[in-house]
Structures are given as structure tokens and as C-alpha cells.
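A.B. asks: To be precise about what I am sending: the file is called final.cif and holds mmCIF, C-alpha atoms and all ligand atoms.
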data_upload
loop_
_atom_site.label_atom_id
_atom_site.label_comp_id
_atom_site.auth_asym_id
_atom_site.auth_seq_id
_atom_site.Cartn_x
_atom_site.Cartn_y
_atom_site.Cartn_z
CA MET A 1 21.01 -36.79 9.72
CA LYS A 2 21.49 -33.53 7.89
CA SER A 3 24.50 -31.50 8.92
CA LEU A 4 24.06 -27.79 9.55
CA ILE A 5 27.64 -27.03 8.66
CA GLN A 6 27.84 -29.13 5.50
CA ASP A 7 24.47 -27.77 4.45
CA SER A 8 25.14 -24.15 5.16
CA ASN A 9 28.57 -23.93 3.58
CA LYS A 10 27.00 -23.11 0.28
CA ARG A 11 24.64 -20.47 1.58
CA LYS A 12 25.07 -16.91 0.38
CA ILE A 13 22.97 -14.08 1.80
CA GLY A 14 22.67 -10.67 0.14
CA ILE A 15 21.65 -7.68 2.26
CA LEU A 16 20.13 -4.60 0.64
CA GLY A 17 21.39 -1.62 2.66
CA GLY A 18 24.63 -1.42 4.59
CA GLY A 19 23.78 0.49 7.79
CA GLN A 20 24.30 -0.61 11.37
CA LEU A 21 21.43 -3.11 11.19
CA GLY A 22 23.18 -4.88 8.33
CA LEU A 23 26.48 -4.70 10.19
CA MET A 24 25.02 -6.43 13.26
CA MET A 25 23.16 -8.95 11.10
CA ILE A 26 26.45 -10.03 9.56
CA LEU A 27 28.41 -10.08 12.82
CA GLU A 28 25.75 -12.29 14.40
CA GLY A 29 25.27 -14.33 11.23
CA ARG A 30 28.99 -15.16 11.17
CA LYS A 31 28.19 -17.85 13.73
CA PHE A 32 27.13 -19.87 10.71
CA PRO A 33 29.49 -20.55 7.82
CA PHE A 34 27.52 -18.32 5.48
CA THR A 35 28.74 -15.75 2.98
CA PHE A 36 27.41 -12.19 3.27
CA TYR A 37 27.17 -9.71 0.43
CA VAL A 38 25.95 -6.14 0.90
CA MET A 39 24.57 -3.57 -1.50
CA ASP A 40 25.63 -0.07 -0.43
CA GLU A 41 28.49 2.43 -0.68
CA PRO A 42 31.92 0.97 0.22
CA ASN A 43 32.21 3.05 3.42
CA ALA A 44 28.84 1.85 4.79
CA PRO A 45 29.11 0.10 8.20
CA ALA A 46 28.04 -3.34 6.92
CA CYS A 47 30.46 -3.17 3.98
CA ARG A 48 33.33 -3.13 6.47
CA VAL A 49 32.49 -6.68 7.55
CA ALA A 50 30.87 -8.13 4.40
CA ASP A 51 32.55 -10.70 2.18
CA LYS A 52 31.79 -8.43 -0.74
CA CYS A 53 30.20 -5.04 -1.22
CA PHE A 54 28.25 -4.05 -4.33
CA LYS A 55 27.38 -0.54 -5.44
CA LEU A 56 23.71 0.40 -5.70
CA GLU A 57 23.76 0.09 -9.48
CA GLU A 58 25.28 -3.40 -9.25
CA TYR A 59 22.21 -4.81 -7.50
CA LYS A 60 21.42 -7.37 -10.24
CA GLU A 61 24.92 -8.76 -10.06
CA MET A 62 24.64 -9.21 -6.31
CA ILE A 63 21.17 -10.72 -6.37
CA ASN A 64 22.16 -13.17 -9.11
CA GLN A 65 25.07 -14.42 -7.02
CA VAL A 66 23.26 -15.09 -3.73
CA ASP A 67 20.69 -17.67 -2.55
CA ILE A 68 18.68 -15.41 -0.24
CA VAL A 69 18.10 -11.65 -0.27
CA THR A 70 17.01 -9.58 2.70
CA PHE A 71 17.09 -5.89 3.64
CA GLU A 72 17.98 -3.82 6.65
CA PHE A 73 16.18 -0.66 5.57
CA GLU A 74 12.72 -0.62 4.01
CA HIS A 75 13.34 2.52 1.95
CA VAL A 76 16.13 0.84 0.01
CA LYS A 77 16.33 0.98 -3.83
CA GLU A 78 12.95 -0.24 -5.09
CA GLU A 79 14.33 -1.85 -8.26
CA ALA A 80 16.58 -4.06 -6.15
CA LEU A 81 13.67 -5.26 -4.01
CA GLU A 82 11.57 -5.90 -7.11
CA TYR A 83 14.37 -7.81 -8.80
CA ALA A 84 15.00 -9.96 -5.72
CA LYS A 85 11.29 -10.72 -5.55
CA GLU A 86 11.20 -11.66 -9.24
CA LYS A 87 14.04 -14.11 -8.60
CA ASP A 88 12.06 -15.58 -5.66
CA LYS A 89 14.86 -14.81 -3.22
CA LEU A 90 13.40 -11.99 -1.11
CA PHE A 91 12.61 -12.42 2.61
CA PRO A 92 10.57 -10.94 4.16
CA ASN A 93 8.04 -10.64 1.37
CA ILE A 94 7.80 -7.42 -0.65
CA ASN A 95 4.20 -6.82 0.55
CA THR A 96 5.65 -5.72 3.90
CA VAL A 97 7.72 -3.01 2.19
CA GLU A 98 4.77 -1.89 0.11
CA LEU A 99 2.89 -1.15 3.33
CA LYS A 100 5.84 0.91 4.53
CA ARG A 101 6.24 2.91 1.32
CA GLU A 102 2.87 4.55 1.90
CA ARG A 103 1.92 5.19 5.51
CA TRP A 104 -1.80 5.27 4.63
CA LYS A 105 -1.60 1.67 3.37
CA GLU A 106 -0.02 0.54 6.63
CA LYS A 107 -2.74 2.28 8.64
CA MET A 108 -5.52 0.83 6.49
CA TYR A 109 -3.97 -2.60 6.90
CA TYR A 110 -4.34 -2.34 10.68
CA LYS A 111 -7.90 -1.16 10.33
CA ASN A 112 -8.85 -3.90 7.88
CA HIS A 113 -7.28 -6.58 10.07
CA ASN A 114 -8.85 -5.31 13.25
CA LEU A 115 -5.50 -4.44 14.77
CA PRO A 116 -5.67 -1.55 17.28
CA THR A 117 -4.19 1.75 16.06
CA PRO A 118 -4.89 5.44 16.79
CA LYS A 119 -7.90 6.96 15.06
CA PHE A 120 -6.88 8.26 11.63
CA TYR A 121 -8.11 9.54 8.27
CA VAL A 122 -6.41 9.59 4.88
CA ALA A 123 -6.14 12.94 3.06
CA GLU A 124 -5.41 13.34 -0.65
CA ASP A 125 -3.53 16.64 -0.17
CA GLY A 126 -2.56 19.24 2.40
CA GLU A 127 -5.77 21.21 2.10
CA GLU A 128 -7.85 18.14 2.93
CA ALA A 129 -5.48 17.19 5.77
CA LEU A 130 -6.01 20.55 7.47
CA ARG A 131 -9.76 20.29 6.94
CA ILE A 132 -9.85 16.83 8.55
CA LEU A 133 -7.72 18.04 11.44
CA LYS A 134 -10.25 20.78 12.09
CA ASP A 135 -13.45 18.78 11.53
CA GLN A 136 -12.45 15.51 13.21
CA PHE A 137 -9.85 16.49 15.78
CA ASN A 138 -10.62 20.08 16.65
CA ASN A 139 -7.18 21.15 15.36
CA VAL A 140 -5.25 18.89 17.73
CA GLY A 141 -3.50 15.96 16.04
CA VAL A 142 -0.62 14.75 13.94
CA ILE A 143 -0.41 15.25 10.18
CA LYS A 144 1.99 12.71 8.69
CA GLN A 145 3.21 12.65 5.11
CA SER A 146 2.26 9.31 3.66
CA ARG A 147 5.47 8.77 1.71
CA GLY A 148 9.15 8.92 2.55
CA GLY A 149 9.09 9.42 6.32
CA TYR A 150 11.18 7.78 9.00
CA ASP A 151 12.65 8.89 12.35
CA GLY A 152 9.78 11.39 12.62
CA LYS A 153 10.50 13.18 9.32
CA GLY A 154 7.47 14.75 7.61
CA HIS A 155 5.40 14.76 10.84
CA TYR A 156 3.57 17.86 12.01
CA PHE A 157 2.37 17.85 15.61
CA ILE A 158 -0.39 20.43 15.82
CA LYS A 159 -1.88 21.47 19.13
CA GLY A 160 -4.36 24.15 18.19
CA ASP A 161 -1.59 26.39 16.75
CA VAL A 162 -2.80 25.61 13.24
CA GLU A 163 -1.81 29.02 11.72
CA LYS A 164 1.86 28.01 12.03
CA TYR A 165 1.15 25.08 9.72
CA SER A 166 -0.76 26.88 6.95
CA PHE A 167 2.05 25.91 4.53
CA ILE A 168 0.64 22.36 4.57
CA LYS A 169 -2.32 23.69 2.56
CA ASP A 170 -0.12 23.98 -0.55
CA MET A 171 1.39 20.51 -0.28
CA LYS A 172 0.12 18.24 -3.04
CA CYS A 173 0.92 14.85 -1.49
CA LYS A 174 -1.12 12.30 0.45
CA PHE A 175 -1.26 12.48 4.25
CA VAL A 176 -2.44 10.50 7.24
CA VAL A 177 -4.19 12.65 9.82
CA GLU A 178 -4.10 11.03 13.22
CA GLU A 179 -5.42 11.72 16.69
CA PHE A 180 -2.79 13.01 19.10
CA VAL A 181 -2.20 10.14 21.53
CA ASP A 182 -1.49 11.35 25.02
CA TYR A 183 0.21 8.08 25.88
CA ASP A 184 1.56 6.96 29.27
CA TYR A 185 4.52 5.34 27.57
CA GLU A 186 5.76 3.87 24.30
CA ALA A 187 6.62 0.21 24.01
CA SER A 188 7.70 -2.28 21.38
CA ILE A 189 8.02 -5.97 20.74
CA ILE A 190 10.47 -7.89 18.59
CA ALA A 191 8.93 -10.89 16.86
CA VAL A 192 10.32 -13.55 14.58
CA ARG A 193 8.48 -15.92 12.27
CA ASP A 194 9.87 -18.61 9.98
CA LYS A 195 8.69 -20.04 6.66
CA LYS A 196 6.74 -22.82 8.40
CA GLY A 197 4.86 -20.29 10.52
CA ASN A 198 6.73 -20.91 13.76
CA PHE A 199 6.54 -17.73 15.80
CA LYS A 200 8.45 -16.31 18.76
CA VAL A 201 8.74 -12.99 20.52
CA TYR A 202 11.13 -11.37 22.93
CA PRO A 203 9.52 -9.75 25.95
CA PRO A 204 8.33 -6.19 25.15
CA THR A 205 10.30 -3.14 26.27
CA PHE A 206 9.60 0.42 27.43
CA ASN A 207 10.93 2.92 24.88
CA TYR A 208 11.84 6.56 25.23
CA ASN A 209 11.74 8.57 21.98
CA GLU A 210 12.58 12.20 21.44
CA LYS A 211 11.71 14.09 18.24
CA GLY A 212 10.90 10.81 16.52
CA ILE A 213 14.19 9.10 17.45
CA LEU A 214 14.64 6.28 19.95
CA VAL A 215 16.94 7.47 22.75
CA TYR A 216 16.86 4.46 25.08
CA ASN A 217 14.76 1.42 25.97
CA TYR A 218 14.66 -1.27 28.63
CA GLY A 219 12.75 -4.34 29.66
CA PRO A 220 11.14 -6.75 30.06
CA LEU A 221 7.66 -5.37 30.28
CA ASN A 222 5.28 -8.17 31.19
CA ASP A 223 2.08 -8.01 29.19
CA ASP A 224 0.99 -10.84 26.85
CA ARG A 225 -1.31 -8.60 24.81
CA PHE A 226 1.67 -7.33 22.81
CA LYS A 227 2.51 -10.86 21.76
CA ASP A 228 -1.06 -11.56 20.61
CA ILE A 229 -1.12 -8.47 18.42
CA ALA A 230 2.34 -9.27 17.02
CA LYS A 231 1.27 -12.80 16.15
CA ARG A 232 -1.85 -11.65 14.35
CA LEU A 233 0.15 -9.11 12.35
CA ALA A 234 3.01 -11.50 11.48
CA ASP A 235 0.65 -14.36 10.53
CA SER A 236 -1.55 -12.14 8.40
CA LEU A 237 1.51 -10.92 6.47
CA GLU A 238 2.94 -14.47 6.23
CA TYR A 239 6.02 -12.77 7.54
CA VAL A 240 9.47 -14.38 7.41
CA GLY A 241 12.25 -12.89 9.54
CA THR A 242 12.54 -10.55 12.50
CA MET A 243 10.19 -7.57 12.84
CA GLY A 244 9.73 -4.74 15.32
CA ILE A 245 6.34 -3.33 16.30
CA GLU A 246 6.02 -0.01 18.13
CA PHE A 247 3.09 0.80 20.38
CA PHE A 248 1.54 3.60 22.37
CA VAL A 249 0.11 2.59 25.75
CA ARG A 250 -2.66 4.89 26.95
CA LYS A 251 -4.51 4.11 30.15
CA GLY A 252 -3.96 0.40 29.70
CA GLU A 253 -5.02 0.48 26.03
CA ILE A 254 -2.44 -0.73 23.49
CA LEU A 255 -2.30 0.92 20.05
CA ILE A 256 0.09 0.05 17.23
CA ASN A 257 2.05 3.09 16.08
CA GLU A 258 3.95 1.29 13.34
CA PHE A 259 5.83 -1.84 12.45
CA ALA A 260 9.21 -2.26 10.81
CA PRO A 261 9.77 -5.26 8.49
CA ARG A 262 13.33 -5.78 9.71
CA VAL A 263 15.51 -6.05 12.76
CA HIS A 264 14.80 -3.08 15.00
CA ASN A 265 16.61 -0.53 17.12
CA THR A 266 14.55 -1.50 20.19
CA GLY A 267 15.85 -5.07 19.87
CA HIS A 268 19.56 -4.29 20.22
CA TYR A 269 19.42 -5.25 23.88
CA THR A 270 18.89 -8.88 22.76
CA LEU A 271 22.58 -8.99 21.79
CA ASP A 272 23.40 -9.20 25.50
CA ALA A 273 20.23 -9.92 27.47
CA ALA A 274 18.94 -12.87 25.40
CA PHE A 275 20.30 -16.27 24.52
CA VAL A 276 19.87 -15.70 20.76
CA SER A 277 19.82 -12.13 19.42
CA GLN A 278 17.22 -10.61 17.10
CA PHE A 279 19.90 -10.52 14.37
CA GLU A 280 20.74 -14.21 14.60
CA GLN A 281 17.00 -15.01 14.64
CA HIS A 282 16.56 -13.10 11.38
CA ILE A 283 19.37 -15.03 9.72
CA ARG A 284 17.91 -18.30 11.06
CA ALA A 285 14.39 -17.49 9.86
CA ILE A 286 15.34 -16.51 6.31
CA SER A 287 17.70 -19.45 5.88
CA GLU A 288 15.30 -22.07 7.22
CA ILE A 289 17.17 -22.88 10.41
CA GLU A 290 15.22 -23.66 13.59
CA LEU A 291 14.40 -20.46 15.51
CA GLY A 292 16.38 -19.91 18.71
CA ASP A 293 15.37 -19.36 22.30
CA THR A 294 14.04 -15.85 22.98
CA THR A 295 14.15 -16.16 26.77
CA LEU A 296 15.90 -13.26 28.44
CA LEU A 297 18.93 -14.17 30.54
CA SER A 298 18.67 -10.93 32.48
CA TYR A 299 16.99 -7.54 32.59
CA GLY A 300 18.40 -5.39 29.81
CA GLY A 301 18.36 -2.10 27.97
CA MET A 302 20.10 0.14 25.49
CA VAL A 303 21.15 3.76 24.99
CA ASN A 304 21.62 5.13 21.48
CA ILE A 305 24.68 7.26 20.77
CA ILE A 306 23.19 9.98 18.56
CA GLY A 307 24.97 12.90 16.87
CA THR A 308 28.16 12.61 18.93
CA ASP A 309 31.33 10.59 19.29
CA ASN A 310 31.70 11.56 22.93
CA VAL A 311 31.85 8.17 24.61
CA PRO A 312 33.82 8.56 27.86
CA TYR A 313 35.67 5.44 29.03
CA GLU A 314 33.54 5.54 32.16
CA VAL A 315 30.57 4.38 30.07
CA LEU A 316 32.20 0.95 30.05
CA LYS A 317 31.63 0.70 33.80
CA PHE A 318 27.90 0.48 33.13
CA GLY A 319 27.55 -1.11 29.70
CA LYS A 320 28.97 -2.50 26.49
CA VAL A 321 29.65 -0.18 23.56
CA TYR A 322 28.75 -1.03 19.96
CA TRP A 323 30.33 1.49 17.59
CA TYR A 324 29.08 1.47 14.00
CA GLY A 325 32.14 3.05 12.35
CA LYS A 326 30.23 5.63 10.31
CA SER A 327 32.39 8.00 8.30
CA GLU A 328 31.16 11.22 9.89
CA VAL A 329 29.28 12.43 12.96
CA LYS A 330 26.06 14.23 12.04
CA LYS A 331 23.20 15.67 14.02
CA ARG A 332 20.48 13.04 14.61
CA ARG A 333 22.74 10.30 13.18
CA LYS A 334 22.96 7.06 15.18
CA MET A 335 26.70 6.49 15.68
CA GLY A 336 26.52 3.49 18.02
CA HIS A 337 24.74 2.21 21.09
CA VAL A 338 25.47 0.99 24.60
CA ASN A 339 23.85 -2.17 25.94
CA VAL A 340 23.27 -2.71 29.63
CA VAL A 341 22.14 -5.66 31.71
CA GLY A 342 21.05 -5.63 35.33
CA GLU A 343 19.60 -7.42 38.32
CA ASP A 344 16.21 -5.76 37.93
CA LEU A 345 14.54 -2.92 36.04
CA GLU A 346 15.70 -0.35 38.58
CA ASP A 347 19.30 -1.43 38.17
CA VAL A 348 19.03 -1.20 34.36
CA LYS A 349 17.34 2.21 34.55
CA GLN A 350 20.05 3.51 36.87
CA LYS A 351 22.77 2.38 34.48
CA ILE A 352 20.96 4.00 31.55
CA ASP A 353 20.70 7.20 33.52
CA ASN A 354 24.43 7.18 34.27
CA ILE A 355 25.28 6.53 30.62
CA MET A 356 22.95 9.31 29.43
CA LYS A 357 24.74 11.79 31.71
CA LEU A 358 28.15 10.68 30.48
CA ILE A 359 27.34 10.76 26.76
CA TYR A 360 25.12 13.85 26.83
CA PRO A 361 26.50 16.04 29.65
CA GLU A 362 24.77 19.09 28.11
CA GLY A 363 21.57 17.17 27.30
CA LEU A 364 20.66 15.57 24.00
CA ASP A 365 20.46 17.95 21.03
CA LEU A 366 18.19 16.55 18.34
P1 LIG B 401 8.54 7.41 11.91
O1 LIG B 401 7.75 6.42 11.13
O2 LIG B 401 9.03 8.55 11.08
O3 LIG B 401 9.59 6.78 12.79
P2 LIG B 401 6.52 7.53 13.95
O4 LIG B 401 5.17 7.49 13.35
O5 LIG B 401 7.05 6.31 14.59
O6 LIG B 401 7.54 8.11 12.90
O7 LIG B 401 6.54 8.69 15.02
C1 LIG B 401 7.73 9.05 15.67
C2 LIG B 401 7.40 9.45 17.09
O8 LIG B 401 6.48 10.55 17.10
C3 LIG B 401 6.69 8.37 17.90
O9 LIG B 401 7.61 7.46 18.45
C4 LIG B 401 5.97 9.19 18.95
O10 LIG B 401 6.86 9.57 19.96
C5 LIG B 401 5.53 10.40 18.16
N1 LIG B 401 4.17 10.23 17.60
C6 LIG B 401 3.85 9.73 16.38
N2 LIG B 401 2.52 9.69 16.19
C7 LIG B 401 1.96 10.18 17.30
C8 LIG B 401 0.59 10.38 17.74
N3 LIG B 401 -0.45 10.11 16.95
N4 LIG B 401 0.40 10.90 18.97
C9 LIG B 401 1.45 11.21 19.78
N5 LIG B 401 2.74 11.04 19.43
C10 LIG B 401 3.01 10.52 18.23
#
Take the structure in the file and give it back as C-alpha cells.
C.D. replies:
Amino acid sequence: MKSLIQDSNKRKIGILGGGQLGLMMILEGRKFPFTFYVMDEPNAPACRVADKCFKLEEYKEMINQVDIVTFEFEHVKEEALEYAKEKDKLFPNINTVELKRERWKEKMYYKNHNLPTPKFYVAEDGEEALRILKDQFNNVGVIKQSRGGYDGKGHYFIKGDVEKYSFIKDMKCKFVVEEFVDYDYEASIIAVRDKKGNFKVYPPTFNYNEKGILVYNYGPLNDDRFKDIAKRLADSLEYVGTMGIEFFVRKGEILINEFAPRVHNTGHYTLDAAFVSQFEQHIRAISEIELGDTTLLSYGGMVNIIGTDNVPYEVLKFGKVYWYGKSEVKKRRKMGHVNVVGEDLEDVKQKIDNIMKLIYPEGLDL
């Protein structure tokens, strides 16, 4: 019989990007005797726990030295992704990142694969975007820059007050113009797929976002439709690794907002509420180890610590703190998170509420 330990001793994994997602990937991946290299600046969170850290310009050196390359941020240096792909070491596949580089491609992908998403149009420039907003959506909708956006950057929410946004007219880039979804709630699902096509999901969660940033989430939310959509998306992409898919739920209708080809902020609760975390699953999937059990051991949730290092000791009464060790506190920057578990959803929600009041006594400033 093959031995996991003897087999895995030789395995080296290179992670492009050294943020908190990379940090947690390594900490969870340390359960296996693997070696972890990271490409980022030396003070990046994941570099603190990596076996070796490489500067951005040293990407070839890192990729040449590892067996498998993955990423924790889809907007990472393009040359590094391309090089890893050329060497046949990149998981998940580069096609997933290509969809994320241009929002319009991602949206068209959903449309072409019959996956439910809000009504949208693609505009070649700002002038066309404003025209579409008027003609198709009666000046109520969301204009999103196609390239370079995350955490709600480059989004314009327009509710009839179109004069305020006349500057968009002079913008010479591509846009997606989308209906404004008056959703009941936002939700997400964390899925994992391996090279043989085995597929698993964690139960979906309810998410609360503010100004394009996840503030907290909790679950499980019991609805199998999320899983079906996730499976169709992951299979069609021949996806390998963990992915997060975000949804709007409007009057019982489920619409994909976006997917992320990586471990996801709404899956942090799996570190404590599940038998195997989303991070360990990713490491398992890309290194051809059997996927783990995604069953939840309890109800769970998470609160992000954003733009502050105010974490009163009392928080520990309700949850478990994960601090990312970033060099500096900045507005809108995710500094850490707090995981909670509970007897039922009400218990989890109550704990989240208590933590929110402790961390943001004056309210959250985003
Ligand atoms: P990013 O890709 O920058 O993270 P998203 O497209 O996920 O941005 O949007 C961020 C947030 O903005 C969403 O979580 C949601 O709260 C809100 N949002 C985005 N698109 C719409 C829409 N069409 N209708 C209503 N709210 C939206």
C-alpha cells in the first residue's frame, strides 16, 4: 500500500500571493509533511509561516523549485501564473483566472452555460454604459468596471441619480451594466473538486456585506439548489481546488453574483465548524489526496476584523480569534477574523452580534 507520509515528503507547493488566505492554507497544509513556498513581499502574512519566501520578480525561481503551484489571489502577477501554467504546475487552471480578469467574460460564461445571474449587458466604454443603464434599466442599476475590481472597487450603484455619475461618460474602459438586485439576502457556497472530478460542498451560509466587503456570515443554510449550481460551474471549468461562489437570493430565486477561484472569506468558519477546513481541502485537491469530509460538526459563523486592531479580550468569550499579522492597520483592510460555533443559528447570530459590538463600538467605518 502506498504511504501518504513517504509519498508526500517530497512534495513542494508554491503559493502565488502571501495574504491571509495563503497564511491559512499553509497553517492547515502543515498537517501534511509538505514544503510551502510563497511569492510575495517578506512582511506578507503567509511569508511569516512559509518555508521560503520569494520576491515577485523571483517567480521563475520559485516555480522551478516546486511541484505544484496555486494562488490565493486571482489578481496576482500575470507572468507568474502564465509561467506556472507553461510548466504544467498550476492548479486551479488558468482559465478560471482569465474569467476573473475581465468581469464581462465571467458574466458571459454564466450566460453561455445557463447558470443563473442578474440581467446584464456589456458596454465598450462609459458612454455606452450610461446609455444602456438608461435604455434597459431606466437609470437604476449597477455599472461595474470590467477590469481590476475586487471588494466592490470600481462599482457605481445608480438609483436614478444619474447626473452624479456623468464622469463615467469619459471613461474609456469596458463595463458590465447590471440590473440592481433588490435581494432578500446574500449567500455563498464553498465547493471543492479534485483532478478525478470528485466534488464536495460545505453547506451554504448567509452573508452580510457592506460597501462590497464581507462583514460576517453564518450557517448552515439548507437549500440544495446552491450545490447543483456549484457542481455545474465547477465541472464545466474542470476545476481543481477549493472555490467560493457568491449569490443573491431574491424571492426564492438564486442568482450567481460571482465566483472566486480560490479559498474564500465566507469559508473561514470551516476552520472550526467542519471536520476538514476549506484550506486543507484545497491542499488535498491540488496534491491528489482524497478529499475530506465536509460535514459540519456544529452551527458556525465568522466576523471579519476590518480596519481596526481593537479586539477586546471579551471577544474570546464568544469566539476564536485569527490574527493575520499585517504590518499596518488600514481602512477597509482585513486584519483578522473571529470564528464562532453554536448550538443553533440563533446562538451563532447572538455571538456574532456580541462580537460586532465589542470590535466596532462606534459602528463599522468602511
Ligand atoms: P467585487 O467583485 O468587487 O467583490 P461584487 O460584484 O461582489 O464586487 O459586489 C460587491 C457587493 O456589492 C455585493 O456583495 C453586493 O452587496 C453588492 N452588489 C453587487 N452587484 C449588485 C447588484 N447587481 N445589485 C445589488 N447589489 C449588488
A.B. asks: Residues within 8 Å of ligand LIG 401 (chain B), counting all atoms listed in the file: report them as an MDAnalysis selection string.
C.D. replies: chainID A and resid 118 141:142 144 149:155 157 178:183 186 208:214 246 248 257:258
A.B. asks: Find the residues around Asn265 of chain A up to 12 Å (all atoms listed in the file counted), leave out those fewer than 5 positions away in its own chain, and share them as a PyMOL selection string.
C.D. replies: chain A and resi 19-22+24+72-73+151+188-190+205+207-209+213-218+242-246+259-260+270-271+278-279+301-305+334+336-339
A.B. asks: Find the residues near Val341 of chain A: any atom within 12 Å, counting only C-alpha atoms, skip ones fewer than 4 places away on the same chain, and give them as a PyMOL selection string.
C.D. replies: chain A and resi 217-220+268-274+296-303+317-320+345-352
A.B. asks: From the list A:Arg147, A:Leu366, A:Pro116, A:Asn139, which residue is nearest Val249 of chain A when using all atoms listed in the file?
C.D. replies: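 Looking at the shortest contact to Val249 of chain A, the residue is A:Pro116.
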A.B. asks: Looking at all atoms listed in the file, which of A:Thr308, A:Leu27, A:Met108, A:Thr295 is the one that sits closest to Lys326 of chain A?
C.D. replies: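 Checking each of A:Thr308, A:Leu27, A:Met108, A:Thr295 against Lys326 of chain A, counting all atoms listed in the file, the winner is A:Thr308.
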A.B. asks: Considering all atoms listed in the file, state which residue in the set A:Leu233, A:Ser146, A:Met25, A:Arg11 is at the smallest distance from His264 of chain A.
C.D. replies: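 Result for the nearest residue to His264 of chain A: A:Met25.
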A.B. asks: Could you list, as a PyMOL selection string, every residue within 10 Å of Ala191 of chain A, counting only C-alpha atoms and ignoring same-chain residues fewer than 3 positions away?
C.D. replies: chain A and resi 188+199-204+227+230-231+234+239+241-245+262-264+267+278+281-282+294
A.B. asks: Restricting the calculation to only C-alpha atoms, which member of A:Leu90, A:Val177, A:Leu56, A:Val340 is positioned closest to Val122 of chain A?
C.D. replies: A:Val177
